[in-house]
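Below is the file upload_9.pdb, which contains PDB, C-alpha atoms and all ligand atoms.
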```pdb
ATOM      1  CA  MET A  13     -35.515  57.365 167.793
ATOM      2  CA  LYS A  14     -34.081  57.830 164.325
ATOM      3  CA  ALA A  15     -32.589  61.127 163.246
ATOM      4  CA  TRP A  16     -35.235  61.640 160.562
ATOM      5  CA  THR A  17     -37.992  61.509 163.167
ATOM      6  CA  ILE A  18     -36.277  64.056 165.417
ATOM      7  CA  LEU A  19     -35.323  66.610 162.776
ATOM      8  CA  PRO A  20     -38.877  67.787 161.942
ATOM      9  CA  MET A  21     -39.564  68.206 165.674
ATOM     10  CA  VAL A  22     -36.451  70.311 166.146
ATOM     11  CA  LEU A  23     -37.401  72.468 163.168
ATOM     12  CA  ALA A  24     -40.958  72.871 164.466
ATOM     13  CA  LEU A  25     -39.684  73.950 167.873
ATOM     14  CA  ALA A  26     -37.243  76.410 166.342
ATOM     15  CA  ALA A  27     -40.056  77.956 164.296
ATOM     16  CA  CYS A  28     -42.207  78.445 167.407
ATOM     17  CA  SER A  29     -39.627  79.973 169.697
ATOM     18  CA  PRO A  30     -40.235  83.710 170.086
ATOM     19  CA  LYS A  31     -37.592  86.116 168.855
ATOM     20  CA  ARG A  32     -35.311  87.228 171.639
ATOM     21  CA  PRO A  33     -35.413  90.930 172.497
ATOM     22  CA  PRO A  34     -32.217  92.906 171.912
ATOM     23  CA  VAL A  35     -29.758  92.988 174.816
ATOM     24  CA  GLY A  36     -30.805  95.350 177.608
ATOM     25  CA  VAL A  37     -34.507  95.361 176.691
ATOM     26  CA  GLN A  38     -36.762  94.756 179.696
ATOM     27  CA  GLY A  39     -40.294  93.421 179.782
ATOM     28  CA  ASP A  40     -42.042  90.439 178.235
ATOM     29  CA  PRO A  41     -42.584  90.634 174.456
ATOM     30  CA  GLU A  42     -45.191  87.846 174.460
ATOM     31  CA  ARG A  43     -47.258  89.693 177.069
ATOM     32  CA  GLY A  44     -46.688  92.883 175.108
ATOM     33  CA  LYS A  45     -48.214  91.357 172.005
ATOM     34  CA  ILE A  46     -51.388  90.582 173.961
ATOM     35  CA  ALA A  47     -51.426  94.073 175.495
ATOM     36  CA  VAL A  48     -51.172  95.645 172.010
ATOM     37  CA  THR A  49     -54.434  93.985 171.009
ATOM     38  CA  GLN A  50     -56.099  94.868 174.338
ATOM     39  CA  TYR A  51     -55.373  98.561 173.760
ATOM     40  CA  ALA A  52     -56.243  98.106 170.052
ATOM     41  CA  CYS A  53     -53.065  99.846 168.877
ATOM     42  CA  GLN A  54     -53.516  97.919 165.614
ATOM     43  CA  SER A  55     -56.613  99.996 164.810
ATOM     44  CA  CYS A  56     -54.278 102.910 163.999
ATOM     45  CA  HIS A  57     -50.968 101.181 163.278
ATOM     46  CA  LEU A  58     -49.763  98.362 161.109
ATOM     47  CA  ILE A  59     -47.962  96.120 163.624
ATOM     48  CA  PRO A  60     -45.964  93.122 162.423
ATOM     49  CA  GLY A  61     -47.424  89.891 163.781
ATOM     50  CA  VAL A  62     -50.744  91.484 164.794
ATOM     51  CA  PRO A  63     -53.704  91.288 162.409
ATOM     52  CA  GLY A  64     -55.286  94.709 162.001
ATOM     53  CA  SER A  65     -56.276  97.532 159.715
ATOM     54  CA  LYS A  66     -54.545  97.992 156.391
ATOM     55  CA  VAL A  67     -55.543 101.661 156.384
ATOM     56  CA  TYR A  68     -53.656 103.190 159.244
ATOM     57  CA  VAL A  69     -53.661 106.534 161.043
ATOM     58  CA  GLY A  70     -50.160 106.388 162.524
ATOM     59  CA  ARG A  71     -47.069 104.979 160.851
ATOM     60  CA  PRO A  72     -46.433 101.239 160.705
ATOM     61  CA  LEU A  73     -44.664 100.117 163.881
ATOM     62  CA  SER A  74     -42.170  97.907 162.099
ATOM     63  CA  ASP A  75     -38.381  97.891 162.387
ATOM     64  CA  MET A  76     -38.601  99.822 165.667
ATOM     65  CA  ALA A  77     -35.233  98.433 166.789
ATOM     66  CA  ARG A  78     -33.629 100.136 163.784
ATOM     67  CA  ARG A  79     -35.294 103.546 164.237
ATOM     68  CA  LYS A  80     -33.428 106.566 165.521
ATOM     69  CA  LEU A  81     -36.392 108.816 166.374
ATOM     70  CA  LEU A  82     -39.997 108.434 167.485
ATOM     71  CA  ALA A  83     -42.540 110.877 166.093
ATOM     72  CA  GLY A  84     -39.508 112.807 164.845
ATOM     73  CA  ALA A  85     -38.812 114.013 168.379
ATOM     74  CA  LEU A  86     -37.778 111.316 170.841
ATOM     75  CA  PRO A  87     -34.908 108.793 170.905
ATOM     76  CA  ALA A  88     -36.347 105.489 169.649
ATOM     77  CA  ASP A  89     -35.029 103.444 172.575
ATOM     78  CA  GLN A  90     -37.110 101.565 175.129
ATOM     79  CA  ALA A  91     -37.369 104.540 177.505
ATOM     80  CA  GLY A  92     -38.555 106.732 174.617
ATOM     81  CA  LEU A  93     -41.123 104.142 173.550
ATOM     82  CA  VAL A  94     -42.492 103.776 177.079
ATOM     83  CA  ARG A  95     -42.786 107.554 177.453
ATOM     84  CA  TRP A  96     -44.489 107.950 174.075
ATOM     85  CA  ILE A  97     -46.903 105.037 174.563
ATOM     86  CA  ARG A  98     -47.927 106.213 178.045
ATOM     87  CA  ASP A  99     -48.249 109.932 177.297
ATOM     88  CA  PRO A 100     -47.740 111.034 173.673
ATOM     89  CA  GLN A 101     -48.976 114.559 174.495
ATOM     90  CA  SER A 102     -46.033 115.084 176.839
ATOM     91  CA  VAL A 103     -43.823 114.826 173.752
ATOM     92  CA  ASP A 104     -46.071 116.527 171.197
ATOM     93  CA  PRO A 105     -49.161 118.340 172.539
ATOM     94  CA  ASP A 106     -50.718 118.351 169.047
ATOM     95  CA  THR A 107     -50.264 114.690 168.195
ATOM     96  CA  ALA A 108     -53.293 112.765 166.966
ATOM     97  CA  MET A 109     -52.343 109.723 169.030
ATOM     98  CA  PRO A 110     -54.572 109.549 172.104
ATOM     99  CA  ASN A 111     -53.345 108.958 175.657
ATOM    100  CA  MET A 112     -54.778 105.492 176.210
ATOM    101  CA  GLY A 113     -53.976 105.182 179.910
ATOM    102  CA  VAL A 114     -51.406 102.451 179.286
ATOM    103  CA  SER A 115     -49.850 101.179 182.529
ATOM    104  CA  GLU A 116     -46.085 101.270 183.078
ATOM    105  CA  ARG A 117     -45.871  97.470 182.943
ATOM    106  CA  ASP A 118     -47.945  97.218 179.740
ATOM    107  CA  ALA A 119     -45.876  99.974 178.096
ATOM    108  CA  LEU A 120     -42.689  98.105 178.998
ATOM    109  CA  ASP A 121     -44.027  94.841 177.565
ATOM    110  CA  ILE A 122     -45.421  96.543 174.444
ATOM    111  CA  SER A 123     -42.099  98.287 173.796
ATOM    112  CA  ALA A 124     -40.314  94.938 174.285
ATOM    113  CA  TYR A 125     -42.620  93.422 171.666
ATOM    114  CA  LEU A 126     -42.113  96.285 169.194
ATOM    115  CA  LEU A 127     -38.330  96.110 169.642
ATOM    116  CA  THR A 128     -38.320  92.404 168.729
ATOM    117  CA  ARG A 129     -40.195  92.928 165.453
TER
HETATM  118  C1  LIG B   1     -56.293 106.841 167.308
HETATM  119  C2  LIG B   1     -55.154 106.305 166.593
HETATM  120  C3  LIG B   1     -53.981 105.755 167.387
HETATM  121  C4  LIG B   1     -53.988 104.745 168.325
HETATM  122  C5  LIG B   1     -55.177 103.962 168.860
HETATM  123  C6  LIG B   1     -52.597 104.518 168.671
HETATM  124  N1  LIG B   1     -51.794 105.352 167.976
HETATM  125 FE1  LIG B   1     -49.737 105.390 168.030
HETATM  126  N2  LIG B   1     -49.728 106.975 166.781
HETATM  127  C7  LIG B   1     -50.848 107.559 166.202
HETATM  128  C8  LIG B   1     -50.432 108.690 165.393
HETATM  129  C9  LIG B   1     -51.344 109.609 164.600
HETATM  130  C10 LIG B   1     -49.008 108.752 165.497
HETATM  131  C11 LIG B   1     -48.067 109.759 164.832
HETATM  132  C12 LIG B   1     -47.717 110.767 165.892
HETATM  133  C13 LIG B   1     -46.883 111.920 165.440
HETATM  134  O1  LIG B   1     -45.929 111.739 164.657
HETATM  135  O2  LIG B   1     -47.189 113.021 165.933
HETATM  136  C14 LIG B   1     -48.609 107.661 166.372
HETATM  137  C15 LIG B   1     -47.293 107.375 166.708
HETATM  138  C16 LIG B   1     -46.890 106.264 167.413
HETATM  139  C17 LIG B   1     -45.517 105.875 167.626
HETATM  140  C18 LIG B   1     -44.309 106.609 167.047
HETATM  141  C19 LIG B   1     -44.128 106.067 165.647
HETATM  142  C20 LIG B   1     -43.075 106.706 164.799
HETATM  143  O3  LIG B   1     -42.929 106.255 163.664
HETATM  144  O4  LIG B   1     -42.401 107.649 165.218
HETATM  145  C21 LIG B   1     -45.521 104.750 168.366
HETATM  146  C22 LIG B   1     -44.329 103.939 168.835
HETATM  147  C23 LIG B   1     -46.915 104.428 168.644
HETATM  148  N3  LIG B   1     -47.709 105.373 168.037
HETATM  149  C24 LIG B   1     -47.330 103.351 169.382
HETATM  150  C25 LIG B   1     -48.659 103.093 169.697
HETATM  151  C26 LIG B   1     -49.080 102.044 170.612
HETATM  152  C27 LIG B   1     -48.158 101.056 171.285
HETATM  153  C28 LIG B   1     -50.436 102.126 170.691
HETATM  154  C29 LIG B   1     -51.366 101.309 171.585
HETATM  155  C30 LIG B   1     -51.136 101.456 173.019
HETATM  156  C31 LIG B   1     -50.858 103.212 169.808
HETATM  157  N4  LIG B   1     -49.754 103.770 169.237
HETATM  158  C32 LIG B   1     -52.191 103.565 169.593
HETATM  159  C33 LIG B   1     -52.152 107.140 166.341
HETATM  160  C34 LIG B   1     -52.593 106.146 167.194
END
```

Whole structure given in structure tokens:
Amino acid sequence: MKAWTILPMVLALAACSPKRPPVGVQGDPERGKIAVTQYACQSCHLIPGVPGSKVYVGRPLSDMARRKLLAGALPADQAGLVRWIRDPQSVDPDTAMPNMGVSERDALDISAYLLTR
């Protein structure tokens, strides 16, 4: 095979490969992306890579890996994300985000997805 036939294939593959989660992040970001749509998080949040509402109730969930705080109260690491996603009222009893009964595994995968955006 000639180099010019291989190059486009290599580029296509590189474009498809999912972004790797930051070191130390557990869970499966690809599964997390699916879980986000199953729980319909995008109905209240702008989420990069997930088509959804342009008028959102909560803040956009972009650049999560660069955040310091969640909801102004919790460290924005994976443990903080899992806790918030599973039970926001345990952090802020008055928050408008509902407890959606997210399982531990789904919360881990969703947080992995958000941390790769
Ligand atoms: C009914 C609307 C609604 C739904 C559905 C919803 N959220 Fe939220 N979410 C909110 C609101 C409102 C806040 C802001 C909470 C606050 O600051 O008190 C929030 C905050 C957050 C935050 C913290 C953001 C920040 O900037 O600090 C994360 C992370 C989050 N939501 C993730 C999710 C995930 C993941 C799902 C799906 C499992 C989800 N949310 C579903 C309304 C919603």

Exactly which residues make up the result of the PyMOL selection byres (((chain A and resi 42-46) around 8) and not hetatm) on this file, given as number ranges by chain? A: 30, 39-41, 47-50, 62, 118-125

Would you name the residues within 9 Å of ligand LIG 1 (chain B), counting all atoms listed in the file, and put them as a VMD selection string? chain A and resid 47 to 57 68 to 74 76 79 81 to 86 88 92 to 94 96 to 98 100 to 101 103 to 114 118 to 119 122 to 123 126

CA of Gln38 (chain A) to CA of Ile59 (chain A) measures 19.6 Å

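Distance-wise, CA of Ser102 (chain A) and CA of Val37 (chain A) end up 22.8 Å apart.
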
Take CA of Ala77 (chain A) and CA of Leu127 (chain A) and report the distance between them in Å, one decimal.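 CA of Leu127 (chain A) lies at a distance of 4.8 Å from CA of Ala77 (chain A).
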
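If you measure from each of A:Pro60, A:Arg117, A:Gln90, A:Pro34 to Asp75 (chain A) using all atoms listed in the file, the closest one turns out to be A:Pro60.
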
Return region 28-61 of chain A, completed with N, CA and C atoms, as a PDB file, in the frame of the given file.
```pdb
ATOM      1  N   CYS A  28     -41.282  77.917 166.408  1.00  0.00           N
ATOM      2  CA  CYS A  28     -42.207  78.445 167.407  1.00  0.00           C
ATOM      3  C   CYS A  28     -41.539  79.411 168.373  1.00  0.00           C
ATOM      4  N   SER A  29     -40.243  79.202 168.625  1.00  0.00           N
ATOM      5  CA  SER A  29     -39.627  79.973 169.697  1.00  0.00           C
ATOM      6  C   SER A  29     -39.661  81.458 169.375  1.00  0.00           C
ATOM      7  N   PRO A  30     -40.117  82.271 170.345  1.00  0.00           N
ATOM      8  CA  PRO A  30     -40.235  83.710 170.086  1.00  0.00           C
ATOM      9  C   PRO A  30     -38.876  84.344 169.860  1.00  0.00           C
ATOM     10  N   LYS A  31     -38.851  85.402 169.071  1.00  0.00           N
ATOM     11  CA  LYS A  31     -37.592  86.116 168.855  1.00  0.00           C
ATOM     12  C   LYS A  31     -37.136  86.715 170.171  1.00  0.00           C
ATOM     13  N   ARG A  32     -35.834  86.664 170.398  1.00  0.00           N
ATOM     14  CA  ARG A  32     -35.311  87.228 171.639  1.00  0.00           C
ATOM     15  C   ARG A  32     -35.187  88.742 171.502  1.00  0.00           C
ATOM     16  N   PRO A  33     -35.564  89.470 172.563  1.00  0.00           N
ATOM     17  CA  PRO A  33     -35.413  90.930 172.497  1.00  0.00           C
ATOM     18  C   PRO A  33     -33.941  91.307 172.479  1.00  0.00           C
ATOM     19  N   PRO A  34     -33.607  92.460 171.910  1.00  0.00           N
ATOM     20  CA  PRO A  34     -32.217  92.906 171.912  1.00  0.00           C
ATOM     21  C   PRO A  34     -31.686  93.028 173.347  1.00  0.00           C
ATOM     22  N   VAL A  35     -30.389  92.924 173.494  1.00  0.00           N
ATOM     23  CA  VAL A  35     -29.758  92.988 174.816  1.00  0.00           C
ATOM     24  C   VAL A  35     -30.170  94.283 175.527  1.00  0.00           C
ATOM     25  N   GLY A  36     -30.492  94.167 176.817  1.00  0.00           N
ATOM     26  CA  GLY A  36     -30.805  95.350 177.608  1.00  0.00           C
ATOM     27  C   GLY A  36     -32.280  95.726 177.584  1.00  0.00           C
ATOM     28  N   VAL A  37     -33.082  95.043 176.738  1.00  0.00           N
ATOM     29  CA  VAL A  37     -34.507  95.361 176.691  1.00  0.00           C
ATOM     30  C   VAL A  37     -35.228  94.613 177.807  1.00  0.00           C
ATOM     31  N   GLN A  38     -36.012  95.354 178.596  1.00  0.00           N
ATOM     32  CA  GLN A  38     -36.762  94.756 179.696  1.00  0.00           C
ATOM     33  C   GLN A  38     -38.171  94.430 179.243  1.00  0.00           C
ATOM     34  N   GLY A  39     -38.897  93.708 180.082  1.00  0.00           N
ATOM     35  CA  GLY A  39     -40.294  93.421 179.782  1.00  0.00           C
ATOM     36  C   GLY A  39     -40.447  92.105 179.033  1.00  0.00           C
ATOM     37  N   ASP A  40     -41.698  91.735 178.812  1.00  0.00           N
ATOM     38  CA  ASP A  40     -42.042  90.439 178.235  1.00  0.00           C
ATOM     39  C   ASP A  40     -42.731  90.652 176.885  1.00  0.00           C
ATOM     40  N   PRO A  41     -42.012  90.370 175.780  1.00  0.00           N
ATOM     41  CA  PRO A  41     -42.584  90.634 174.456  1.00  0.00           C
ATOM     42  C   PRO A  41     -43.876  89.866 174.188  1.00  0.00           C
ATOM     43  N   GLU A  42     -43.975  88.640 174.713  1.00  0.00           N
ATOM     44  CA  GLU A  42     -45.191  87.846 174.460  1.00  0.00           C
ATOM     45  C   GLU A  42     -46.398  88.489 175.139  1.00  0.00           C
ATOM     46  N   ARG A  43     -46.194  88.984 176.356  1.00  0.00           N
ATOM     47  CA  ARG A  43     -47.258  89.693 177.069  1.00  0.00           C
ATOM     48  C   ARG A  43     -47.568  91.011 176.352  1.00  0.00           C
ATOM     49  N   GLY A  44     -46.513  91.625 175.836  1.00  0.00           N
ATOM     50  CA  GLY A  44     -46.688  92.883 175.108  1.00  0.00           C
ATOM     51  C   GLY A  44     -47.556  92.723 173.883  1.00  0.00           C
ATOM     52  N   LYS A  45     -47.407  91.601 173.208  1.00  0.00           N
ATOM     53  CA  LYS A  45     -48.214  91.357 172.005  1.00  0.00           C
ATOM     54  C   LYS A  45     -49.699  91.296 172.365  1.00  0.00           C
ATOM     55  N   ILE A  46     -49.995  90.671 173.502  1.00  0.00           N
ATOM     56  CA  ILE A  46     -51.388  90.582 173.961  1.00  0.00           C
ATOM     57  C   ILE A  46     -51.890  91.981 174.351  1.00  0.00           C
ATOM     58  N   ALA A  47     -51.031  92.733 175.056  1.00  0.00           N
ATOM     59  CA  ALA A  47     -51.426  94.073 175.495  1.00  0.00           C
ATOM     60  C   ALA A  47     -51.731  94.973 174.298  1.00  0.00           C
ATOM     61  N   VAL A  48     -50.944  94.842 173.219  1.00  0.00           N
ATOM     62  CA  VAL A  48     -51.172  95.645 172.010  1.00  0.00           C
ATOM     63  C   VAL A  48     -52.602  95.471 171.515  1.00  0.00           C
ATOM     64  N   THR A  49     -53.082  94.220 171.513  1.00  0.00           N
ATOM     65  CA  THR A  49     -54.434  93.985 171.009  1.00  0.00           C
ATOM     66  C   THR A  49     -55.482  94.453 172.022  1.00  0.00           C
ATOM     67  N   GLN A  50     -55.141  94.392 173.333  1.00  0.00           N
ATOM     68  CA  GLN A  50     -56.099  94.868 174.338  1.00  0.00           C
ATOM     69  C   GLN A  50     -56.315  96.376 174.223  1.00  0.00           C
ATOM     70  N   TYR A  51     -55.235  97.112 173.931  1.00  0.00           N
ATOM     71  CA  TYR A  51     -55.373  98.561 173.760  1.00  0.00           C
ATOM     72  C   TYR A  51     -55.783  98.925 172.325  1.00  0.00           C
ATOM     73  N   ALA A  52     -55.852  97.916 171.454  1.00  0.00           N
ATOM     74  CA  ALA A  52     -56.243  98.106 170.052  1.00  0.00           C
ATOM     75  C   ALA A  52     -55.324  99.082 169.310  1.00  0.00           C
ATOM     76  N   CYS A  53     -54.043  99.018 169.603  1.00  0.00           N
ATOM     77  CA  CYS A  53     -53.065  99.846 168.877  1.00  0.00           C
ATOM     78  C   CYS A  53     -53.131  99.552 167.376  1.00  0.00           C
ATOM     79  N   GLN A  54     -53.503  98.313 167.033  1.00  0.00           N
ATOM     80  CA  GLN A  54     -53.516  97.919 165.614  1.00  0.00           C
ATOM     81  C   GLN A  54     -54.648  98.580 164.833  1.00  0.00           C
ATOM     82  N   SER A  55     -55.567  99.283 165.547  1.00  0.00           N
ATOM     83  CA  SER A  55     -56.613  99.996 164.810  1.00  0.00           C
ATOM     84  C   SER A  55     -56.041 101.238 164.134  1.00  0.00           C
ATOM     85  N   CYS A  56     -54.895 101.730 164.603  1.00  0.00           N
ATOM     86  CA  CYS A  56     -54.278 102.910 163.999  1.00  0.00           C
ATOM     87  C   CYS A  56     -52.895 102.625 163.409  1.00  0.00           C
ATOM     88  N   HIS A  57     -52.328 101.481 163.732  1.00  0.00           N
ATOM     89  CA  HIS A  57     -50.968 101.181 163.278  1.00  0.00           C
ATOM     90  C   HIS A  57     -50.914  99.807 162.652  1.00  0.00           C
ATOM     91  N   LEU A  58     -50.134  99.682 161.596  1.00  0.00           N
ATOM     92  CA  LEU A  58     -49.763  98.362 161.109  1.00  0.00           C
ATOM     93  C   LEU A  58     -48.686  97.830 162.044  1.00  0.00           C
ATOM     94  N   ILE A  59     -48.917  96.676 162.667  1.00  0.00           N
ATOM     95  CA  ILE A  59     -47.962  96.120 163.624  1.00  0.00           C
ATOM     96  C   ILE A  59     -47.616  94.703 163.181  1.00  0.00           C
ATOM     97  N   PRO A  60     -46.350  94.457 162.884  1.00  0.00           N
ATOM     98  CA  PRO A  60     -45.964  93.122 162.423  1.00  0.00           C
ATOM     99  C   PRO A  60     -46.384  92.053 163.419  1.00  0.00           C
ATOM    100  N   GLY A  61     -47.018  91.007 162.933  1.00  0.00           N
ATOM    101  CA  GLY A  61     -47.424  89.891 163.781  1.00  0.00           C
ATOM    102  C   GLY A  61     -48.785  90.060 164.412  1.00  0.00           C
TER     103      GLY A  61
END
```
